[in-house]
$ cat data.cif   # mmCIF, C-alpha atoms
data_run
loop_
_atom_site.label_atom_id
_atom_site.label_comp_id
_atom_site.auth_asym_id
_atom_site.auth_seq_id
_atom_site.Cartn_x
_atom_site.Cartn_y
_atom_site.Cartn_z
CA MET A 12 0.00 0.00 0.00
CA ASN A 13 1.24 3.47 -0.84
CA LEU A 14 0.71 5.80 2.11
CA LEU A 15 1.04 9.53 1.63
CA PHE A 16 4.01 11.19 3.29
CA ASP A 17 4.47 14.90 2.85
CA PHE A 18 7.14 17.01 4.53
CA THR A 19 7.46 20.74 3.96
CA VAL A 20 9.26 23.51 5.79
CA ASP A 21 8.25 27.14 6.00
CA LYS A 22 11.55 28.76 6.85
CA ASP A 23 9.96 32.20 7.37
CA THR A 24 7.77 30.94 10.21
CA SER A 25 10.19 28.18 11.33
CA THR A 26 7.43 25.64 10.99
CA ILE A 27 7.70 22.09 9.78
CA TYR A 28 4.56 20.56 8.26
CA ILE A 29 4.16 16.83 8.00
CA THR A 30 1.22 14.89 6.60
CA ARG A 31 1.12 11.13 6.83
CA GLU A 32 -1.56 8.53 6.15
CA PHE A 33 -1.86 5.40 8.27
CA ALA A 34 -3.67 2.22 7.31
CA ALA A 35 -5.85 2.01 10.41
CA ASP A 36 -8.99 3.64 11.72
CA ILE A 37 -8.88 6.76 13.83
CA ASP A 38 -9.38 5.05 17.22
CA LEU A 39 -6.21 3.05 16.80
CA VAL A 40 -4.12 5.86 15.31
CA TRP A 41 -5.25 8.24 18.06
CA ASP A 42 -4.14 5.70 20.67
CA ALA A 43 -0.80 5.26 18.91
CA PHE A 44 -0.10 8.98 19.36
CA THR A 45 -1.52 9.41 22.85
CA LYS A 46 -0.96 6.21 24.87
CA ALA A 47 2.42 5.63 26.47
CA GLU A 48 2.47 1.88 25.87
CA MET A 49 2.04 2.49 22.15
CA LEU A 50 4.30 5.54 21.84
CA ASP A 51 7.12 3.58 23.49
CA GLN A 52 6.90 1.05 20.68
CA TRP A 53 7.41 3.37 17.74
CA MET A 54 8.61 6.85 18.71
CA GLY A 55 12.35 6.34 19.11
CA PRO A 56 14.47 7.01 16.07
CA LYS A 57 16.24 3.69 15.52
CA PRO A 58 18.33 2.32 17.14
CA TYR A 59 17.10 4.48 20.03
CA ARG A 60 13.73 3.99 21.65
CA VAL A 61 11.41 6.04 23.78
CA GLN A 62 10.90 5.14 27.43
CA THR A 63 7.96 6.84 29.11
CA LYS A 64 8.55 8.06 32.66
CA GLU A 65 5.24 9.85 33.18
CA MET A 66 2.12 10.12 31.08
CA ASP A 67 -0.94 12.14 32.00
CA PHE A 68 -2.90 12.71 28.81
CA ARG A 69 -5.26 15.56 29.64
CA GLU A 70 -5.15 19.32 29.16
CA GLY A 71 -2.53 20.62 31.60
CA GLY A 72 -1.05 17.15 31.92
CA ARG A 73 2.31 16.03 30.59
CA TRP A 74 4.31 13.26 28.96
CA LEU A 75 7.88 12.86 30.19
CA PHE A 76 10.10 10.45 28.31
CA ALA A 77 13.72 9.50 27.78
CA MET A 78 15.47 8.41 24.62
CA VAL A 79 17.40 5.23 25.44
CA SER A 80 20.03 3.35 23.48
CA PRO A 81 19.80 -0.35 22.58
CA GLU A 82 21.77 -0.95 25.82
CA ASN A 83 18.99 0.81 27.75
CA VAL A 84 21.14 3.81 28.53
CA ASN A 85 19.95 7.39 28.44
CA ALA A 86 23.38 8.72 27.51
CA SER A 87 22.45 12.40 27.52
CA GLY A 88 20.86 12.25 30.99
CA ARG A 89 18.16 14.47 29.57
CA CYS A 90 14.49 13.86 29.03
CA SER A 91 11.91 15.29 26.69
CA LEU A 92 8.78 16.89 28.03
CA ALA A 93 5.54 17.33 26.12
CA GLU A 94 2.96 19.42 27.95
CA PHE A 95 -0.59 19.02 26.67
CA VAL A 96 -1.87 22.49 25.96
CA LYS A 97 -5.13 21.56 24.23
CA ILE A 98 -6.89 18.30 23.52
CA GLN A 99 -9.96 17.67 21.34
CA PRO A 100 -10.54 13.93 21.65
CA LYS A 101 -10.11 11.93 18.41
CA SER A 102 -9.57 15.18 16.55
CA SER A 103 -6.48 17.13 17.58
CA PHE A 104 -4.03 17.95 20.36
CA THR A 105 -1.27 20.47 20.91
CA THR A 106 1.93 20.03 22.89
CA ARG A 107 4.61 22.37 24.16
CA ASN A 108 7.92 20.55 23.88
CA SER A 109 11.10 21.13 25.84
CA PHE A 110 14.07 19.31 27.35
CA THR A 111 14.40 18.57 31.05
CA ASP A 112 16.51 16.60 33.51
CA GLU A 113 15.51 13.04 34.42
CA ASN A 114 12.86 14.36 36.83
CA GLY A 115 11.20 16.71 34.41
CA ASN A 116 12.83 19.89 35.72
CA PRO A 117 13.69 22.50 33.07
CA ILE A 118 17.32 22.65 31.99
CA ASP A 119 19.31 25.07 29.90
CA SER A 120 19.61 23.00 26.75
CA GLY A 121 20.20 25.80 24.28
CA PHE A 122 16.74 24.92 23.03
CA THR A 123 13.73 27.02 24.03
CA PHE A 124 10.61 25.08 23.11
CA SER A 125 8.52 24.09 20.16
CA ILE A 126 4.75 23.90 19.77
CA THR A 127 3.35 20.92 17.92
CA THR A 128 -0.22 20.41 16.79
CA TYR A 129 -1.44 17.00 15.67
CA THR A 130 -4.67 16.84 13.68
CA PHE A 131 -6.42 13.56 12.83
CA LYS A 132 -8.74 13.09 9.84
CA PRO A 133 -10.66 9.81 9.60
CA GLY A 134 -11.11 8.11 6.24
CA ASP A 135 -12.09 4.75 4.81
CA GLY A 136 -9.65 2.44 6.59
CA ILE A 137 -7.11 5.27 6.44
CA THR A 138 -6.40 7.99 8.97
CA THR A 139 -4.54 11.11 7.90
CA VAL A 140 -2.40 12.85 10.49
CA HIS A 141 -1.25 16.44 10.01
CA ILE A 142 1.60 17.63 12.19
CA ALA A 143 2.67 21.27 12.44
CA LYS A 144 5.80 21.84 14.48
CA LYS A 145 6.69 25.43 15.17
CA MET A 146 10.20 26.02 16.44
CA ALA A 147 11.45 29.25 18.04
CA ASN A 148 13.81 29.25 15.05
CA LEU A 149 15.02 26.66 12.60
CA ALA A 150 18.45 26.74 14.17
CA GLU A 151 16.97 24.77 17.03
CA LEU A 152 16.31 21.92 14.71
CA GLU A 153 19.89 20.88 15.30
CA GLN A 154 19.28 20.35 19.03
CA PHE A 155 16.03 18.70 18.19
CA THR A 156 17.35 16.18 15.71
CA ALA A 157 20.60 15.58 17.58
CA PHE A 158 18.86 14.92 20.89
CA GLY A 159 19.46 11.47 22.27
CA TYR A 160 22.32 10.69 19.95
CA LYS A 161 25.44 10.46 22.02
CA GLU A 162 27.58 9.91 18.97
CA GLY A 163 25.67 12.78 17.35
CA THR A 164 27.43 13.41 14.12
CA ALA A 165 28.36 9.80 13.47
CA ALA A 166 24.77 8.63 13.80
CA GLY A 167 23.69 11.64 11.80
CA MET A 168 26.03 10.86 9.00
CA ARG A 169 24.84 7.27 8.87
CA ASN A 170 21.29 8.51 8.53
CA LEU A 171 22.40 10.88 5.85
CA ASP A 172 24.12 8.06 4.00
CA GLU A 173 20.90 6.09 4.08
CA LEU A 174 18.98 9.13 2.93
CA LEU A 175 21.29 9.61 -0.01
CA LEU A 176 21.08 5.92 -0.88
CA SER A 177 17.30 6.03 -0.81
CA LEU A 178 17.27 9.15 -2.97
CA VAL A 179 19.49 7.40 -5.49
CA ARG A 180 17.13 4.45 -5.49
CA GLU A 181 14.16 6.76 -6.05
CA ILE A 182 15.85 8.33 -9.02
CA LYS A 183 16.71 4.96 -10.50
CA ASN A 184 13.18 3.62 -10.14
CA MET B 11 33.20 31.03 22.00
CA ARG B 12 32.11 28.41 19.57
CA ARG B 13 29.68 29.65 16.97
CA ASP B 14 27.78 27.75 14.37
CA ILE B 15 25.46 28.30 11.46
CA PHE B 16 22.39 27.86 13.64
CA GLN B 17 23.23 30.90 15.73
CA ALA B 18 23.77 32.81 12.53
CA ILE B 19 20.32 32.28 11.13
CA ALA B 20 18.56 32.71 14.48
CA ASP B 21 18.46 36.47 13.93
CA PRO B 22 16.25 38.14 11.28
CA THR B 23 18.77 40.88 10.47
CA ARG B 24 21.47 38.29 9.89
CA ARG B 25 19.15 36.30 7.67
CA ALA B 26 18.47 39.45 5.65
CA ILE B 27 22.20 40.12 5.35
CA LEU B 28 22.72 36.59 4.03
CA VAL B 29 20.04 37.15 1.41
CA LEU B 30 21.75 40.39 0.33
CA VAL B 31 25.25 38.98 0.00
CA ALA B 32 23.95 35.84 -1.69
CA VAL B 33 23.26 38.03 -4.73
CA GLN B 34 26.59 39.85 -4.81
CA ALA B 35 29.62 40.62 -2.65
CA MET B 36 29.05 43.88 -0.75
CA THR B 37 30.96 46.36 1.38
CA PRO B 38 29.82 46.88 4.99
CA ASN B 39 28.54 50.34 4.07
CA ALA B 40 26.47 49.05 1.19
CA ILE B 41 25.01 46.37 3.45
CA ALA B 42 24.22 48.90 6.20
CA GLU B 43 22.30 51.12 3.74
CA ASN B 44 19.65 48.40 3.53
CA PHE B 45 18.86 48.56 7.23
CA ASP B 46 17.39 51.10 9.55
CA ILE B 47 19.77 50.24 12.38
CA LYS B 48 23.11 51.54 13.63
CA ARG B 49 26.19 50.85 11.55
CA GLN B 50 27.72 49.46 14.75
CA SER B 51 25.15 46.70 15.07
CA ILE B 52 25.57 45.78 11.39
CA SER B 53 29.28 45.36 12.11
CA LYS B 54 28.40 43.08 15.00
CA HIS B 55 26.15 40.96 12.80
CA LEU B 56 28.85 40.77 10.12
CA ARG B 57 31.36 39.67 12.74
CA ILE B 58 29.05 36.91 13.98
CA LEU B 59 28.33 35.73 10.44
CA SER B 60 32.07 35.65 9.74
CA GLU B 61 32.73 33.72 12.95
CA CYS B 62 30.06 31.25 11.87
CA ASP B 63 32.07 30.83 8.72
CA LEU B 64 29.19 31.94 6.53
CA LEU B 65 30.85 35.06 5.16
CA ALA B 66 34.20 35.44 3.50
CA GLN B 67 36.05 38.75 3.29
CA LYS B 68 37.96 39.87 0.27
CA GLN B 69 39.99 43.00 -0.10
CA GLU B 70 39.65 45.10 -3.25
CA GLY B 71 41.76 48.21 -3.10
CA ARG B 72 40.87 49.95 0.16
CA GLU B 73 37.44 48.33 0.35
CA ILE B 74 36.51 45.12 2.10
CA PHE B 75 33.76 43.07 0.46
CA TYR B 76 31.72 40.37 2.18
CA GLU B 77 30.55 37.38 0.21
CA LEU B 78 28.48 34.34 1.08
CA LYS B 79 30.09 30.94 1.52
CA PHE B 80 27.48 28.86 -0.23
CA ASP B 81 28.69 25.44 0.90
CA LYS B 82 28.11 26.33 4.58
CA MET B 83 24.54 27.41 3.91
CA LYS B 84 23.66 23.87 2.94
CA GLU B 85 24.01 22.65 6.54
CA ILE B 86 20.52 23.66 7.63
CA ASP B 87 19.07 21.70 4.74
CA ILE B 88 21.10 18.69 5.82
CA TRP B 89 19.48 18.89 9.27
CA LEU B 90 16.04 19.25 7.73
CA ASP B 91 16.65 16.23 5.52
CA GLN B 92 17.76 14.31 8.53
CA PHE B 93 14.70 15.21 10.54
CA ARG B 94 12.55 14.17 7.60
CA LYS B 95 14.37 10.85 7.55
CA ILE B 96 13.86 10.31 11.30
CA MET B 97 10.13 11.00 10.96
CA GLU B 98 9.88 8.67 7.98
CA GLU B 99 11.50 5.85 9.94
CA ARG B 100 9.28 6.45 12.97
CA PHE B 101 6.18 6.27 10.85
CA GLN B 102 7.32 3.07 9.20
CA THR B 103 7.72 1.55 12.66
CA LEU B 104 4.21 2.75 13.48
CA ASP B 105 2.88 1.20 10.26
CA GLU B 106 4.26 -2.16 11.41
CA LEU B 107 2.81 -1.71 14.89
CA LEU B 108 -0.64 -0.84 13.54
CA PHE B 109 -0.49 -3.83 11.20
CA THR B 110 0.40 -6.17 14.06
CA ILE B 111 -2.40 -4.87 16.29
CA LYS B 112 -4.99 -5.12 13.52
CA ASN B 113 -4.00 -8.72 12.80
CA LYS B 114 -4.29 -9.66 16.47
CA LYS B 115 -7.84 -8.34 16.59
CA LYS B 116 -8.95 -10.52 13.66
#
$ encode --input "data.cif" --output "structure tokens"
Amino acid sequence: MNLLFDFTVDKDTSTIYITREFAADIDLVWDAFTKAEMLDQWMGPKPYRVQTKEMDFREGGRWLFAMVSPENVNASGRCSLAEFVKIQPKSSFTTRNSFTDENGNPIDSGFTFSITTYTFKPGDGITTVHIAKKMANLAELEQFTAFGYKEGTAAGMRNLDELLLSLVREIKN
Amino acid sequence: MRRDIFQAIADPTRRAILVLVAVQAMTPNAIAENFDIKRQSISKHLRILSECDLLAQKQEGREIFYELKFDKMKEIDIWLDQFRKIMEERFQTLDELLFTIKNKKK
């Protein structure tokens, strides 16, 4: 099945827009984005994975999670915090994202915060998710993408290699 | 103090300067004429952009011209590409998870 994936960046407003279709109905996709036991299974960028420390999915509540290596180590000692600003069940939710220490206390990470809105559109066996991520500035994308990677650049370069390979494959096909 | 490209583009004036010098090499005075701010603060921005290795200086007679180092500007796009790649991988993992759950229910 060919599922839509769209990724655009508005550099003027420092906002990243992502649209992705998923082959499941809205109840399941909503759970995948809002329940800790499901998020922990898919959110980590490989080989890292997400480990939820706290989850309180309600307006004013928060999700605190660590990015752990395959050896179960949170090398950075930092955690990510998503505070739920607004929730419209099975329709949309907005988070304020920042970095914290292991207990969820704010730290000076060189990163201010980003605001992300997830919108869910039900379809026939397909759910479309729109994500708008507004950063304080695009420069912070570095902190954002590098977070959790102890070997930062090395892991980054490997991803880039894969990206280039996949682009080459796309061109060939 | 370590500076990088991300600090450079964090500021709107610096972004505007980059757009200007992307077209042609310019003297500090010519750059400053495009802005309604003190010459001093333009100098500061030019210094930061140089420290970020985004601007190169070349001397022509008594004038100094600033020009854009195009190869450095590509870095932000590399990060964007990488973020796109991370999101793509995450979603593929989610596809598999959704598939597994749906099969279990049947």
$ resolve_selection --input "data.cif" --expression "the PyMOL selection byres ((chain A and resi 46) around 12)" --output "number ranges by chain"
A: 38-45, 47-54, 63, 65-69, 73-74
$ atom_distance --input "data.cif" --atom1 "CA of Glu43 (chain B)" --atom2 "CA of Ile27 (chain B)"
11.1 Å
$ atom_distance --input "data.cif" --atom1 "CA of Lys115 (chain B)" --atom2 "CA of Asp135 (chain A)"
18.1 Å
$ atom_distance --input "data.cif" --atom1 "CA of Val61 (chain A)" --atom2 "CA of Arg94 (chain B)"
18.1 Å
$ residues_near_point --input "data.cif" --point "(31.9, 43.9, 4.3)" --cutoff "6 Å" --atoms "only C-alpha atoms" --output "PDB file with C-alpha atoms, in the frame of the given file"
ATOM      1  CA  MET B  36      29.050  43.880  -0.750  1.00  0.00           C
ATOM      2  CA  THR B  37      30.960  46.360   1.380  1.00  0.00           C
ATOM      3  CA  PRO B  38      29.820  46.880   4.990  1.00  0.00           C
ATOM      4  CA  ILE B  74      36.510  45.120   2.100  1.00  0.00           C
ATOM      5  CA  PHE B  75      33.760  43.070   0.460  1.00  0.00           C
ATOM      6  CA  TYR B  76      31.720  40.370   2.180  1.00  0.00           C
TER       7      TYR B  76
END
$ resolve_selection --input "data.cif" --expression "the PyMOL selection byres ((chain A and resi 133) around 12)" --output "MDAnalysis selection string"
chainID A and resid 32:41 101:103 130:132 134:141
$ closest_residue --input "data.cif" --among "A:Met78, A:Tyr129, A:Pro100, A:Leu149" --to "Pro22 (chain B)" --atoms "all atoms listed in the file"
A:Leu149
$ residues_near_point --input "data.cif" --point "(6.2, 18.3, 10.2)" --cutoff "7 Å" --atoms "all atoms listed in the file" --output "number ranges by chain"
A: 18-19, 27-29, 142-144
$ resolve_selection --input "data.cif" --expression "the PyMOL selection byres ((chain A and resi 111-118) around 8)" --output "list in words"
Leu75, Ala77, Gly88, Arg89, Cys90, Ser91, Leu92, Ser109, Phe110, Asp119 and Ser120 of chain A
$ write_last_selection --input "data.cif" --atoms "C-alpha atoms" --output "PDB file, in the coordinates of the input"
ATOM      1  CA  LEU A  75       7.880  12.860  30.190  1.00  0.00           C
ATOM      2  CA  ALA A  77      13.720   9.500  27.780  1.00  0.00           C
ATOM      3  CA  GLY A  88      20.860  12.250  30.990  1.00  0.00           C
ATOM      4  CA  ARG A  89      18.160  14.470  29.570  1.00  0.00           C
ATOM      5  CA  CYS A  90      14.490  13.860  29.030  1.00  0.00           C
ATOM      6  CA  SER A  91      11.910  15.290  26.690  1.00  0.00           C
ATOM      7  CA  LEU A  92       8.780  16.890  28.030  1.00  0.00           C
ATOM      8  CA  SER A 109      11.100  21.130  25.840  1.00  0.00           C
ATOM      9  CA  PHE A 110      14.070  19.310  27.350  1.00  0.00           C
ATOM     10  CA  ASP A 119      19.310  25.070  29.900  1.00  0.00           C
ATOM     11  CA  SER A 120      19.610  23.000  26.750  1.00  0.00           C
TER      12      SER A 120
END
$ closest_residue --input "data.cif" --among "B:Leu30, B:Lys116, B:Leu64, B:Leu90" --to "chain A" --atoms "all atoms listed in the file"
B:Leu90
$ residues_around --input "data.cif" --residues "Ile52 (chain B)" --least-positions-apart "2" --cutoff "9 Å" --atoms "only C-alpha atoms" --output "list of chain:residue names"
B:Thr23, B:Arg24, B:Ile27, B:Pro38, B:Ile41, B:Ala42, B:Phe45, B:Ile47, B:Lys48, B:Arg49, B:Gln50, B:Lys54, B:His55, B:Leu56, B:Arg57
$ write_last_selection --input "data.cif" --atoms "C-alpha atoms" --output "tab-separated table (two decimals), in the coordinates of the input"
chain	number	residue	atom	x	y	z
B	23	THR	CA	18.77	40.88	10.47
B	24	ARG	CA	21.47	38.29	9.89
B	27	ILE	CA	22.20	40.12	5.35
B	38	PRO	CA	29.82	46.88	4.99
B	41	ILE	CA	25.01	46.37	3.45
B	42	ALA	CA	24.22	48.90	6.20
B	45	PHE	CA	18.86	48.56	7.23
B	47	ILE	CA	19.77	50.24	12.38
B	48	LYS	CA	23.11	51.54	13.63
B	49	ARG	CA	26.19	50.85	11.55
B	50	GLN	CA	27.72	49.46	14.75
B	54	LYS	CA	28.40	43.08	15.00
B	55	HIS	CA	26.15	40.96	12.80
B	56	LEU	CA	28.85	40.77	10.12
B	57	ARG	CA	31.36	39.67	12.74
$ closest_residue --input "data.cif" --among "A:Asn83, A:Thr127, A:Leu15, A:Asn148" --to "Ile98 (chain A)" --atoms "only C-alpha atoms"
A:Thr127
$ closest_residue --input "data.cif" --among "A:Val79, A:Gln62, A:Val96, A:Glu151" --to "chain B" --atoms "all atoms listed in the file"
A:Glu151
$ closest_residue --input "data.cif" --among "B:Val33, B:Leu104, B:Leu59, B:Ile111" --to "chain A" --atoms "all atoms listed in the file"
B:Leu104
$ residues_around --input "data.cif" --residues "Glu98 (chain B)" --least-positions-apart "3" --cutoff "10 Å" --atoms "all atoms listed in the file" --output "list in words"
Phe16, Asp17, Phe18, Ile29, Arg31 and Pro56 of chain A; Gln92, Phe93, Arg94, Lys95, Phe101, Gln102, Thr103 and Leu104 of chain B
$ closest_residue --input "data.cif" --among "B:Asp63, B:Gln34, B:Gln69, B:Ser53" --to "Asp81 (chain B)" --atoms "all atoms listed in the file"
B:Asp63
$ decode --input "data.cif" --residues "region 34-83 of chain B" --atoms "C-alpha atoms" --output "tab-separated table (two decimals), in the first residue's frame"
chain	number	residue	atom	x	y	z
B	34	GLN	CA	26.59	39.85	-4.81
B	35	ALA	CA	29.62	40.62	-2.65
B	36	MET	CA	29.05	43.88	-0.75
B	37	THR	CA	30.96	46.36	1.38
B	38	PRO	CA	29.82	46.88	4.99
B	39	ASN	CA	28.54	50.34	4.07
B	40	ALA	CA	26.47	49.05	1.19
B	41	ILE	CA	25.01	46.37	3.45
B	42	ALA	CA	24.22	48.90	6.20
B	43	GLU	CA	22.30	51.12	3.74
B	44	ASN	CA	19.65	48.40	3.53
B	45	PHE	CA	18.86	48.56	7.23
B	46	ASP	CA	17.39	51.10	9.55
B	47	ILE	CA	19.77	50.24	12.38
B	48	LYS	CA	23.11	51.54	13.63
B	49	ARG	CA	26.19	50.85	11.55
B	50	GLN	CA	27.72	49.46	14.75
B	51	SER	CA	25.15	46.70	15.07
B	52	ILE	CA	25.57	45.78	11.39
B	53	SER	CA	29.28	45.36	12.11
B	54	LYS	CA	28.40	43.08	15.00
B	55	HIS	CA	26.15	40.96	12.80
B	56	LEU	CA	28.85	40.77	10.12
B	57	ARG	CA	31.36	39.67	12.74
B	58	ILE	CA	29.05	36.91	13.98
B	59	LEU	CA	28.33	35.73	10.44
B	60	SER	CA	32.07	35.65	9.74
B	61	GLU	CA	32.73	33.72	12.95
B	62	CYS	CA	30.06	31.25	11.87
B	63	ASP	CA	32.07	30.83	8.72
B	64	LEU	CA	29.19	31.94	6.53
B	65	LEU	CA	30.85	35.06	5.16
B	66	ALA	CA	34.20	35.44	3.50
B	67	GLN	CA	36.05	38.75	3.29
B	68	LYS	CA	37.96	39.87	0.27
B	69	GLN	CA	39.99	43.00	-0.10
B	70	GLU	CA	39.65	45.10	-3.25
B	71	GLY	CA	41.76	48.21	-3.10
B	72	ARG	CA	40.87	49.95	0.16
B	73	GLU	CA	37.44	48.33	0.35
B	74	ILE	CA	36.51	45.12	2.10
B	75	PHE	CA	33.76	43.07	0.46
B	76	TYR	CA	31.72	40.37	2.18
B	77	GLU	CA	30.55	37.38	0.21
B	78	LEU	CA	28.48	34.34	1.08
B	79	LYS	CA	30.09	30.94	1.52
B	80	PHE	CA	27.48	28.86	-0.23
B	81	ASP	CA	28.69	25.44	0.90
B	82	LYS	CA	28.11	26.33	4.58
B	83	MET	CA	24.54	27.41	3.91
